[in-house]
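The structure file query-v2.cif is reproduced below (mmCIF, C-alpha atoms).
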```cif
data_data
#
loop_
_atom_site.label_atom_id
_atom_site.label_comp_id
_atom_site.auth_asym_id
_atom_site.auth_seq_id
_atom_site.Cartn_x
_atom_site.Cartn_y
_atom_site.Cartn_z
CA MET A 14 4.11 22.59 -17.80
CA ASN A 15 2.34 22.81 -21.16
CA TYR A 16 1.48 19.23 -22.04
CA PRO A 17 0.91 18.39 -25.70
CA SER A 18 -2.42 16.70 -25.01
CA LYS A 19 -5.06 16.72 -22.31
CA ILE A 20 -4.96 12.99 -21.73
CA ILE A 21 -1.18 13.13 -21.17
CA GLN A 22 -1.69 15.93 -18.67
CA GLU A 23 -4.47 14.01 -16.95
CA THR A 24 -2.42 10.81 -16.72
CA VAL A 25 0.64 12.68 -15.42
CA GLU A 26 -1.48 14.37 -12.77
CA GLN A 27 -3.09 11.10 -11.74
CA LEU A 28 0.18 9.15 -11.52
CA SER A 29 1.95 11.91 -9.61
CA LYS A 30 -0.63 11.49 -6.82
CA LEU A 31 1.21 8.27 -5.93
CA PRO A 32 3.81 8.56 -3.14
CA GLY A 33 7.39 8.95 -4.38
CA ILE A 34 6.30 9.73 -7.95
CA GLY A 35 6.87 13.34 -9.04
CA LYS A 36 5.73 15.09 -12.22
CA LYS A 37 8.87 14.09 -14.15
CA THR A 38 8.64 10.40 -13.22
CA ALA A 39 4.90 10.47 -13.95
CA LEU A 40 5.61 11.86 -17.43
CA ARG A 41 8.20 9.13 -18.07
CA LEU A 42 5.72 6.46 -16.97
CA THR A 43 2.98 8.02 -19.11
CA LEU A 44 5.12 8.12 -22.24
CA PHE A 45 6.32 4.58 -21.50
CA LEU A 46 2.71 3.37 -21.22
CA LEU A 47 1.84 5.18 -24.43
CA ARG A 48 4.41 3.08 -26.27
CA GLN A 49 3.02 -0.20 -24.87
CA PRO A 50 0.20 -2.22 -26.44
CA GLU A 51 -3.34 -2.11 -25.06
CA GLU A 52 -2.90 -5.61 -23.54
CA PHE A 53 -0.10 -4.24 -21.37
CA VAL A 54 -1.84 -1.13 -20.04
CA LYS A 55 -5.40 -2.42 -19.55
CA PRO A 56 -4.60 -5.03 -16.85
CA ILE A 57 -2.74 -2.38 -14.81
CA ALA A 58 -5.79 -0.12 -14.83
CA GLU A 59 -8.15 -3.01 -14.11
CA SER A 60 -6.12 -4.26 -11.15
CA LEU A 61 -6.43 -0.78 -9.59
CA LEU A 62 -10.20 -0.78 -10.13
CA TRP A 63 -10.55 -4.27 -8.63
CA LEU A 64 -8.22 -3.51 -5.73
CA LYS A 65 -10.67 -1.24 -3.93
CA SER A 66 -13.74 -3.35 -4.62
CA GLN A 67 -12.32 -6.82 -3.95
CA ALA A 68 -9.84 -6.49 -1.10
CA LYS A 69 -11.37 -7.12 2.34
CA VAL A 70 -10.12 -6.93 5.90
CA CYS A 71 -9.86 -10.29 7.70
CA GLN A 72 -12.62 -10.45 10.34
CA ARG A 73 -10.26 -12.16 12.75
CA CYS A 74 -6.75 -10.73 12.44
CA CYS A 75 -7.31 -7.49 10.40
CA ASN A 76 -4.93 -8.68 7.66
CA ILE A 77 -5.93 -8.07 4.03
CA ALA A 78 -8.11 -10.89 2.70
CA ASP A 79 -9.99 -12.10 -0.36
CA TYR A 80 -12.83 -13.49 1.80
CA ASP A 81 -14.06 -12.94 5.37
CA LEU A 82 -10.97 -14.70 6.72
CA CYS A 83 -7.45 -14.24 5.32
CA ASN A 84 -5.31 -17.06 3.88
CA ILE A 85 -3.52 -17.50 7.18
CA CYS A 86 -6.55 -17.49 9.53
CA SER A 87 -8.41 -19.95 7.29
CA ASN A 88 -5.43 -22.34 7.10
CA PRO A 89 -5.98 -25.19 9.67
CA LYS A 90 -2.27 -26.12 9.48
CA ARG A 91 -1.25 -22.87 11.21
CA GLU A 92 -0.72 -23.17 14.99
CA GLN A 93 -3.91 -21.79 16.51
CA HIS A 94 -2.47 -20.92 19.93
CA ILE A 95 0.18 -18.33 19.00
CA ILE A 96 -0.57 -14.79 17.83
CA CYS A 97 2.15 -12.60 16.35
CA VAL A 98 1.19 -8.94 16.78
CA VAL A 99 2.46 -6.72 13.94
CA LYS A 100 1.93 -3.15 12.80
CA ASP A 101 0.79 -3.71 9.23
CA VAL A 102 0.47 -6.01 6.24
CA GLN A 103 4.05 -5.43 5.05
CA ASP A 104 5.26 -6.88 8.37
CA VAL A 105 3.12 -10.02 7.90
CA LEU A 106 4.73 -10.46 4.47
CA ALA A 107 8.22 -9.86 5.88
CA ILE A 108 7.74 -12.50 8.61
CA GLU A 109 6.07 -14.98 6.24
CA SER A 110 9.04 -14.76 3.90
CA THR A 111 11.37 -15.95 6.72
CA HIS A 112 9.44 -19.32 6.90
CA PHE A 113 10.25 -19.36 10.65
CA TYR A 114 6.72 -18.76 11.88
CA THR A 115 3.68 -21.03 11.63
CA GLY A 116 1.23 -19.35 14.02
CA LEU A 117 -1.43 -16.68 13.52
CA TYR A 118 -1.14 -12.89 13.25
CA HIS A 119 -2.87 -9.81 14.49
CA VAL A 120 -2.43 -6.65 12.42
CA LEU A 121 -2.70 -3.52 14.60
CA GLY A 122 -2.82 -1.18 11.61
CA GLY A 123 -0.63 1.34 13.43
CA LEU A 124 1.36 2.00 16.58
CA ILE A 125 0.37 4.06 19.59
CA ASP A 126 2.01 7.47 19.10
CA PRO A 127 1.04 10.11 21.69
CA VAL A 128 3.00 12.81 19.83
CA ALA A 129 1.03 12.24 16.62
CA GLY A 130 -2.21 11.84 18.59
CA ILE A 131 -2.61 8.13 17.78
CA GLY A 132 -4.16 6.56 20.86
CA PRO A 133 -5.04 2.93 21.63
CA ASP A 134 -8.51 3.49 20.11
CA LYS A 135 -6.97 4.18 16.67
CA ILE A 136 -5.35 0.72 16.38
CA ASN A 137 -7.02 -2.72 16.09
CA LEU A 138 -6.62 -3.41 19.80
CA SER A 139 -10.19 -4.30 20.84
CA GLN A 140 -10.23 -7.07 18.21
CA LEU A 141 -7.01 -8.47 19.70
CA LEU A 142 -8.41 -8.38 23.23
CA GLN A 143 -11.54 -10.21 22.01
CA ARG A 144 -9.32 -12.91 20.55
CA ILE A 145 -7.41 -13.24 23.86
CA LYS A 146 -10.79 -13.72 25.59
CA HIS A 147 -12.33 -16.23 23.20
CA GLU A 148 -9.51 -18.08 21.43
CA PRO A 149 -7.19 -20.73 23.00
CA ILE A 150 -4.17 -18.40 22.76
CA SER A 151 -1.16 -19.48 24.86
CA GLU A 152 1.43 -17.02 23.55
CA VAL A 153 1.45 -13.51 22.13
CA ILE A 154 4.60 -12.49 20.21
CA PHE A 155 5.14 -8.77 19.69
CA ALA A 156 6.95 -8.15 16.38
CA LEU A 157 6.86 -4.37 16.26
CA ASN A 158 9.33 -1.77 15.02
CA ALA A 159 12.22 -1.14 17.43
CA THR A 160 11.19 2.48 17.88
CA ILE A 161 9.74 4.46 20.77
CA GLU A 162 6.23 4.01 19.32
CA GLY A 163 6.83 0.25 19.09
CA ASP A 164 7.94 0.10 22.74
CA ILE A 165 4.99 2.22 23.94
CA THR A 166 2.59 -0.04 22.03
CA ILE A 167 4.12 -3.25 23.43
CA HIS A 168 3.95 -1.86 26.97
CA TYR A 169 0.32 -0.73 26.68
CA VAL A 170 -1.01 -3.78 24.83
CA ALA A 171 0.80 -6.18 27.20
CA LYS A 172 -0.81 -4.47 30.20
CA ARG A 173 -4.30 -4.74 28.65
CA ILE A 174 -3.77 -8.43 27.81
CA GLN A 175 -2.55 -9.13 31.34
CA SER A 176 -5.69 -7.54 32.75
CA ILE A 177 -7.76 -10.18 30.89
CA ARG A 178 -5.81 -13.33 31.68
CA ASP A 179 -2.34 -14.82 32.06
CA VAL A 180 -0.80 -15.39 28.64
CA LYS A 181 2.87 -15.87 27.84
CA MET A 182 4.04 -12.71 26.10
CA THR A 183 7.28 -12.41 24.15
CA THR A 184 8.95 -9.92 21.88
CA ILE A 185 11.21 -10.66 18.94
CA SER A 186 14.85 -10.33 19.96
CA ARG A 187 16.53 -7.03 19.22
CA GLY A 188 18.70 -8.55 16.58
CA ILE A 189 17.00 -5.92 14.45
CA PRO A 190 18.89 -2.62 14.60
CA VAL A 191 17.48 -0.15 17.14
CA GLY A 192 15.63 2.62 15.37
CA GLY A 193 15.15 0.38 12.32
CA GLU A 194 11.90 -0.37 10.53
CA LEU A 195 10.82 -4.00 10.44
CA GLU A 196 10.12 -4.30 6.73
CA TYR A 197 13.68 -3.39 5.70
CA VAL A 198 15.42 -6.03 7.83
CA ASP A 199 16.96 -8.99 5.96
CA GLU A 200 15.19 -12.32 6.28
CA THR A 201 17.87 -14.14 8.28
CA THR A 202 18.05 -11.45 10.97
CA LEU A 203 14.28 -11.26 11.18
CA GLY A 204 13.96 -15.06 11.31
CA ARG A 205 16.55 -15.30 14.08
CA SER A 206 14.87 -12.57 16.08
CA LEU A 207 11.67 -14.66 15.97
CA GLN A 208 13.51 -17.82 17.16
CA HIS A 209 15.28 -15.95 19.97
CA ARG A 210 12.21 -14.13 21.18
CA VAL A 211 12.45 -13.24 24.86
CA THR A 212 9.76 -13.47 27.56
CA LEU A 213 8.52 -10.05 28.65
CA MET B 1 6.40 -13.84 -1.91
CA ASN B 2 3.19 -15.14 -0.33
CA TYR B 3 0.69 -12.29 -0.67
CA PRO B 4 -2.26 -12.23 1.73
CA SER B 5 -4.79 -11.86 -1.09
CA LYS B 6 -4.97 -12.49 -4.82
CA ILE B 7 -5.94 -8.94 -5.70
CA ILE B 8 -2.91 -7.60 -3.81
CA GLN B 9 -0.68 -10.02 -5.67
CA GLU B 10 -2.27 -9.07 -9.01
CA THR B 11 -1.89 -5.32 -8.36
CA VAL B 12 1.73 -5.71 -7.23
CA GLU B 13 2.52 -7.72 -10.37
CA GLN B 14 0.81 -5.17 -12.61
CA LEU B 15 2.48 -2.12 -11.04
CA SER B 16 5.93 -3.74 -11.05
CA LYS B 17 5.70 -3.95 -14.86
CA LEU B 18 6.33 -0.18 -14.87
CA PRO B 19 9.95 0.91 -15.40
CA GLY B 20 11.82 1.72 -12.18
CA ILE B 21 9.16 0.10 -9.97
CA GLY B 22 10.22 -3.14 -8.29
CA LYS B 23 8.12 -5.59 -6.27
CA LYS B 24 8.76 -3.76 -3.00
CA THR B 25 7.77 -0.32 -4.35
CA ALA B 26 4.76 -1.89 -6.07
CA LEU B 27 3.65 -3.36 -2.74
CA ARG B 28 4.02 0.03 -1.02
CA LEU B 29 1.97 1.68 -3.76
CA THR B 30 -0.67 -1.07 -3.57
CA LEU B 31 -1.06 -0.78 0.20
CA PHE B 32 -1.11 3.01 -0.13
CA LEU B 33 -3.90 2.81 -2.72
CA LEU B 34 -5.79 0.38 -0.51
CA ARG B 35 -5.92 3.03 2.23
CA GLN B 36 -7.26 5.70 -0.16
CA PRO B 37 -10.94 6.26 -0.96
CA GLU B 38 -12.51 5.03 -4.21
CA GLU B 39 -12.57 8.61 -5.60
CA PHE B 40 -8.78 8.70 -5.35
CA VAL B 41 -8.01 5.38 -7.03
CA LYS B 42 -10.65 5.29 -9.78
CA PRO B 43 -9.41 8.36 -11.75
CA ILE B 44 -5.88 6.90 -11.82
CA ALA B 45 -7.16 3.68 -13.37
CA GLU B 46 -9.44 5.55 -15.78
CA SER B 47 -6.68 7.86 -17.01
CA LEU B 48 -4.63 4.77 -17.92
CA LEU B 49 -7.58 3.29 -19.81
CA TRP B 50 -8.22 6.55 -21.67
CA LEU B 51 -4.54 7.13 -22.40
CA LYS B 52 -4.27 4.38 -24.97
CA SER B 53 -7.62 5.04 -26.60
CA GLN B 54 -7.52 8.85 -26.72
CA ALA B 55 -3.92 9.87 -27.36
CA LYS B 56 -3.12 10.32 -31.06
CA VAL B 57 0.00 11.11 -33.06
CA CYS B 58 0.00 14.54 -34.73
CA GLN B 59 -0.38 14.02 -38.51
CA ARG B 60 2.08 16.80 -39.18
CA CYS B 61 4.88 16.77 -36.59
CA CYS B 62 4.46 13.32 -34.93
CA ASN B 63 4.00 14.92 -31.48
CA ILE B 64 1.34 13.49 -29.17
CA ALA B 65 -2.06 15.04 -29.84
CA ASP B 66 -5.69 15.03 -28.77
CA TYR B 67 -6.90 15.53 -32.36
CA ASP B 68 -5.36 15.05 -35.83
CA LEU B 69 -3.05 18.01 -35.24
CA CYS B 70 -1.28 18.74 -31.94
CA ASN B 71 -1.74 21.94 -29.89
CA ILE B 72 1.37 23.48 -31.44
CA CYS B 73 0.68 22.65 -35.10
CA SER B 74 -2.90 23.89 -34.82
CA ASN B 75 -1.85 27.18 -33.18
CA PRO B 76 -1.74 29.92 -35.89
CA LYS B 77 0.37 32.14 -33.61
CA ARG B 78 3.39 29.80 -33.91
CA GLU B 79 5.93 30.80 -36.58
CA GLN B 80 5.16 28.54 -39.52
CA HIS B 81 8.57 28.74 -41.22
CA ILE B 82 10.83 27.23 -38.53
CA ILE B 83 10.93 23.57 -37.58
CA CYS B 84 12.76 22.39 -34.48
CA VAL B 85 13.72 18.72 -34.92
CA VAL B 86 13.72 16.77 -31.63
CA LYS B 87 14.01 13.15 -30.58
CA ASP B 88 10.84 12.73 -28.56
CA VAL B 89 7.91 14.31 -26.75
CA GLN B 90 9.89 14.97 -23.55
CA ASP B 91 12.22 17.19 -25.59
CA VAL B 92 9.26 19.22 -26.94
CA LEU B 93 8.14 19.77 -23.34
CA ALA B 94 11.67 20.72 -22.25
CA ILE B 95 11.99 23.34 -25.02
CA GLU B 96 8.44 24.65 -24.51
CA SER B 97 9.18 25.26 -20.84
CA THR B 98 12.07 27.62 -21.79
CA HIS B 99 9.57 30.00 -23.53
CA PHE B 100 12.39 30.85 -25.99
CA TYR B 101 10.91 29.14 -29.03
CA THR B 102 7.77 30.04 -31.00
CA GLY B 103 8.14 27.90 -34.12
CA LEU B 104 6.99 24.38 -35.00
CA TYR B 105 8.47 20.98 -34.10
CA HIS B 106 9.17 17.68 -35.70
CA VAL B 107 9.43 14.67 -33.41
CA LEU B 108 11.74 12.02 -34.87
CA GLY B 109 10.71 9.40 -32.30
CA GLY B 110 14.30 8.17 -32.08
CA LEU B 111 17.87 8.75 -33.22
CA ILE B 112 19.78 6.91 -35.91
CA ASP B 113 21.91 4.34 -34.08
CA PRO B 114 23.80 1.92 -36.37
CA VAL B 115 25.08 -0.09 -33.37
CA ALA B 116 21.54 -0.75 -32.14
CA GLY B 117 20.33 -1.34 -35.71
CA ILE B 118 18.15 1.80 -35.80
CA GLY B 119 18.35 3.08 -39.37
CA PRO B 120 16.82 6.20 -40.95
CA ASP B 121 13.69 4.16 -41.82
CA LYS B 122 12.94 3.62 -38.09
CA ILE B 123 12.57 7.36 -37.33
CA ASN B 124 9.95 9.85 -38.58
CA LEU B 125 12.23 11.15 -41.34
CA SER B 126 10.04 10.76 -44.44
CA GLN B 127 7.35 12.91 -42.79
CA LEU B 128 9.97 15.61 -42.15
CA LEU B 129 11.18 15.51 -45.77
CA GLN B 130 7.58 15.83 -46.96
CA ARG B 131 7.20 18.94 -44.82
CA ILE B 132 10.42 20.42 -46.28
CA LYS B 133 8.95 19.82 -49.76
CA HIS B 134 5.47 21.20 -49.17
CA GLU B 135 5.65 23.72 -46.31
CA PRO B 136 7.23 27.22 -46.46
CA ILE B 137 10.06 26.22 -44.13
CA SER B 138 13.04 28.61 -44.07
CA GLU B 139 14.98 27.15 -41.14
CA VAL B 140 15.45 23.76 -39.54
CA ILE B 141 16.86 23.74 -35.99
CA PHE B 142 18.32 20.47 -34.76
CA ALA B 143 17.81 20.13 -31.00
CA LEU B 144 19.08 16.60 -30.47
CA ASN B 145 21.03 14.98 -27.65
CA ALA B 146 24.76 15.82 -27.70
CA THR B 147 25.67 12.17 -28.20
CA ILE B 148 27.17 10.22 -31.09
CA GLU B 149 23.68 9.11 -32.15
CA GLY B 150 22.55 12.74 -32.11
CA ASP B 151 25.47 13.80 -34.28
CA ILE B 152 24.97 10.93 -36.74
CA THR B 153 21.27 11.83 -37.01
CA ILE B 154 21.98 15.55 -37.60
CA HIS B 155 24.55 14.67 -40.27
CA TYR B 156 22.28 12.25 -42.12
CA VAL B 157 19.05 14.28 -41.89
CA ALA B 158 20.84 17.51 -42.95
CA LYS B 159 22.20 15.74 -46.05
CA ARG B 160 18.73 14.47 -46.99
CA ILE B 161 17.18 17.93 -46.53
CA GLN B 162 19.93 19.53 -48.64
CA SER B 163 19.19 17.09 -51.46
CA ILE B 164 15.62 18.47 -51.60
CA ARG B 165 16.28 22.21 -51.45
CA ASP B 166 18.35 24.92 -49.81
CA VAL B 167 17.11 25.54 -46.26
CA LYS B 168 19.02 27.26 -43.46
CA MET B 169 19.97 24.56 -40.96
CA THR B 170 21.15 25.23 -37.42
CA THR B 171 21.88 23.25 -34.31
CA ILE B 172 21.39 24.38 -30.73
CA SER B 173 24.70 25.58 -29.26
CA ARG B 174 26.65 23.10 -27.23
CA GLY B 175 26.01 24.92 -24.03
CA ILE B 176 24.53 21.59 -23.06
CA PRO B 177 27.19 19.29 -21.61
CA VAL B 178 28.68 16.88 -24.16
CA GLY B 179 27.36 13.36 -23.56
CA GLY B 180 24.34 14.82 -21.75
CA GLU B 181 20.67 14.05 -22.40
CA LEU B 182 18.47 16.97 -23.46
CA GLU B 183 15.63 16.47 -21.00
CA TYR B 184 17.85 16.83 -17.92
CA VAL B 185 19.33 20.19 -18.88
CA ASP B 186 18.17 23.22 -16.87
CA GLU B 187 15.84 25.66 -18.64
CA THR B 188 18.25 28.62 -18.81
CA THR B 189 21.03 26.61 -20.43
CA LEU B 190 18.61 25.03 -22.88
CA GLY B 191 17.03 28.41 -23.69
CA ARG B 192 20.44 30.00 -24.28
CA SER B 193 21.53 27.13 -26.49
CA LEU B 194 18.46 27.83 -28.66
CA GLN B 195 19.25 31.57 -28.87
CA HIS B 196 22.90 30.92 -29.71
CA ARG B 197 22.19 28.28 -32.31
CA VAL B 198 24.91 28.06 -34.94
CA THR B 199 24.54 27.63 -38.70
CA LEU B 200 25.64 24.16 -39.85
#
```
Show this structure as C-alpha cells.
Amino acid sequence: MNYPSKIIQETVEQLSKLPGIGKKTALRLTLFLLRQPEEFVKPIAESLLWLKSQAKVCQRCCNIADYDLCNICSNPKREQHIICVVKDVQDVLAIESTHFYTGLYHVLGGLIDPVAGIGPDKINLSQLLQRIKHEPISEVIFALNATIEGDITIHYVAKRIQSIRDVKMTTISRGIPVGGELEYVDETTLGRSLQHRVTL
Amino acid sequence: MNYPSKIIQETVEQLSKLPGIGKKTALRLTLFLLRQPEEFVKPIAESLLWLKSQAKVCQRCCNIADYDLCNICSNPKREQHIICVVKDVQDVLAIESTHFYTGLYHVLGGLIDPVAGIGPDKINLSQLLQRIKHEPISEVIFALNATIEGDITIHYVAKRIQSIRDVKMTTISRGIPVGGELEYVDETTLGRSLQHRVTL
C-alpha cells in the first residue's frame, strides 16, 4: 500500500510484526496513536524499551522477575515444600488468580514435544532437578496442559525426579477439558483441579 | 491480576490502552516481545516515539505528511483540478489502492453529525473552501461513507461550495452498500463507484 508518510509506513510495519496484528489493524492503531497526545504514546514506547532491559528470569524457578528472585520465590509466606510445575508464565498467572495455591512454582518454559523436536534439554528441567536435590521439597504438583505433550512431559519429568529421591508427585485433576489449554480455563475449574489433585 | 514483575505489569497496562487490545491480549504480546531479541523490540518502540514527533498534517489537503505538503499534493503528476473529499486518511489509502484516481484529496477529518454535536466548524471545511477560492478546481468528488452523516456532510459542504462559485460536484456511485463504511469496501467496487460517479 502507498502510505501517505514514511513514519506511518514505518509504524504500520513495526506494529504488524506483533502476533495477531495485520497491516489493517496496524494502520488503525497507528492512526489512533496519531490522534493521541504525546503523554499517551510515550509511556507505551518506553515500556517496550524497558521490558527487554529490565525483565529478568528468576534464578530459582525460571519465572519472570524484577530481581534475581521472583516475587513468589522471595516471599517467605509461600509454602517452601511444594513446587507446582507449569509450562510458562501465563500459567503461573492463571493459577495465582485462583488464590487456591500458596506454594512455589517451577516454569519449564515449554513442553517435551518429540514431533516438534523439543527434547528434555530444551526445557528448564535441570534447574528443577537441582531444586529437588537441594530444597526441602515434599510434593511436586504437575499443572500442565491436558495434551499429549503435557502427558509426555509429566511422564518423563516424574521418572527423572523419582530417580533422585522419593517425592510425592501429583497432577491437577482433569476437571480441565481434555485437549484444552490451561490459560483459557475459568478460575473456579482451575482452582478445583488444584484442590482435587491426584497422586501419580 | 498479580503480575510476576513490575515491568510486565507496566507493559501490559500500556499495551491494553490500545483500542481492541484487552489485558489478556496485552499479556500475550508482552510475553511474546520478551522472547524476541532487542533488535526486534527496539524499532517498534522507536517508531512510536517518532510517530508523534515526525508526522505532520498537510498544509493543503489535511492528509498526513512527512513535510509541509503530503506526497500527493507535492506530486506534479496528479491532476490539479479535481479534489476528492474524504473523511479520513484511511479513505485516502483505500482510494489510492484502487489506482482509479489521479487527482487531489481533501481530508475532512470527520463528518458533520448533529446528534454527536459535530458541527461544520469541527471538520476541515474552511481549508476546503479556501482551496475552492484560490485553486483552479473544476470538479469536487465526494467520497464519503454512505451513512446519514455522510449525506448531511455532502449536502452542507456542496451548498457552501456553490455559494462561492460554480464547480462541478459529483459523488461516488452507490455501488458501495448503503450503511457501509468506505474503508471496508473491496477495491473493485470502490474503483467502479469512482468511475461511475454521478453529478449532484
*Taking the file as shown, find all residues satisfying the PyMOL selection byres ((chain B and resi 126-141) around 7) and write them as a PyMOL selection string.*
chain B and resi 81-85+106+124-125+142-143+161+167-172
*Scan for residues within 8 Å of the point (-13.5, 0.4, -5.4) in the coordinates of the file, using all atoms listed in the file, and reply as a ChimeraX atom specification.*
/A:62-67 /B:37-38,41-42
*asked:* Distance cut-off 7 Å, centre (11.4, 5.5, -14.0) in file coordinates, counting all atoms listed in the file: which residues qualify? Return them as a list in words.
replied: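 It turns out the residues near that spot are Thr38, Arg41 and Leu42 of chain A; Pro19 and Gly20 of chain B.
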*Hey, what's within 8 Å of A:Gly192 if we count all atoms listed in the file and toss same-chain stuff fewer than 3 positions away? As a PyMOL selection string, please?*
chain A and resi 158-160
*Expand the PyMOL selection byres ((chain B and resi 44) around 9) into the individual residues it matches in the shown file, reporting them as a ChimeraX atom specification.*
/A:23-24,26-28,30,58,61-62 /B:40-43,45-49
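Nearest to B:Arg160 of all the residues B:Val115, B:Pro120, B:Cys58, B:Thr30 is B:Pro120, based on all atoms listed in the file.
Picture a line from atom CA of B:Lys24 to atom CA of A:Thr111; it runs 15.8 Å.
Among the candidates A:Thr166, A:Gln93, A:Asn15, A:Thr201, the residue lying nearest to A:Ser110 is A:Thr201 (atoms considered: all atoms listed in the file).
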*Of the candidates B:Val57, B:Ile164, B:Leu33, B:Leu194, which one gets nearest to B:Ile8 if we count all atoms listed in the file?*
B:Leu33
*Pick from A:Glu92, A:Glu196, A:Glu162, A:Asp79 nearest to chain B, counting only C-alpha atoms*: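 Smallest separation from chain B among the options: A:Asp79.
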*asked:* Just the number, please: distance in Å from atom CA of A:Ile20 to atom CA of A:Leu44, one decimal.
replied: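 Atom CA of A:Ile20 sits 11.2 Å away from atom CA of A:Leu44.
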